[in-house]
Amino acid sequence: MFEINKIKLLDNYQLYQLLQSDSIDKLTIEKLKKEFNSRNLTSHEKFRISNKYQQAHPELNSEVEENKLSPLFTAFALNTHFRYLALLKVKGKKKEVKKYMIELYIGLALYFALFILLIMMLKAKNT
C-alpha cells in the first residue's frame, strides 16, 4: 500500500497509470484519485496523459476491435457476445453496446423463429 508522502513523489503520468490498474485495492485507489485531483490538471493535460497511456497500451483498443462475429447471424454464441458486450461497457462505448444488443436480440428472435418453423414443418410432415 502506498503512503501519502510516496504518492506525492509520483508524476502525473505515473498516477494515471496506477489509477488504470485493476489490481490495486480501493483504499489506495481513493488516495491516488485524491492526489490526482488535487493537482488541478487542465483538460488538455489530462487528454495528453490519456493519449500517452492509450498509445503505450494498444492492446486495450485492439480487444474491442477484434470481434468478428455478427450477433445477427451468430446469436447462438451467447458467451462470446456477452463477453464482448462487457468489454464495450468497460470501455464506456454506450452507443455501440446499444446497437450490438439490438442486433443480438434480432438474431435471437430469428433463430427462435426458424426453430419454431422447423418444428411446425416437422409436425405437419408427420400428420
# chains A, B, ... in the order shown; residues from 1 in each chain; ligands from 1
$ residues_around --residues "segment 101-118 of chain A" --least-positions-apart "5" --cutoff "12 Å" --atoms "only C-alpha atoms" --output "PyMOL selection string"
chain A and resi 69-82+84-86+88-89+94-96+123-125
$ residues_around --residues "Ile7 of chain A" --least-positions-apart "5" --cutoff "12 Å" --atoms "only C-alpha atoms" --output "ChimeraX atom specification"
/A:1-2,12,14-16,18-19,28-36,38-39
$ select_by_dssp --residues "chain A" --states "helix (DSSP H, G or I)" --output "ChimeraX atom specification"
/A:4-7,12-20,26-38,43-56,59-65,78-90,94-126
$ atom_distance --atom1 "atom CA of Ser23 of chain A" --atom2 "atom CA of Tyr53 of chain A"
17.1 Å
$ closest_residue --among "A:Tyr100, A:Tyr13, A:Lys26, A:Ser21" --to "Phe47 of chain A" --atoms "only C-alpha atoms"
A:Tyr13
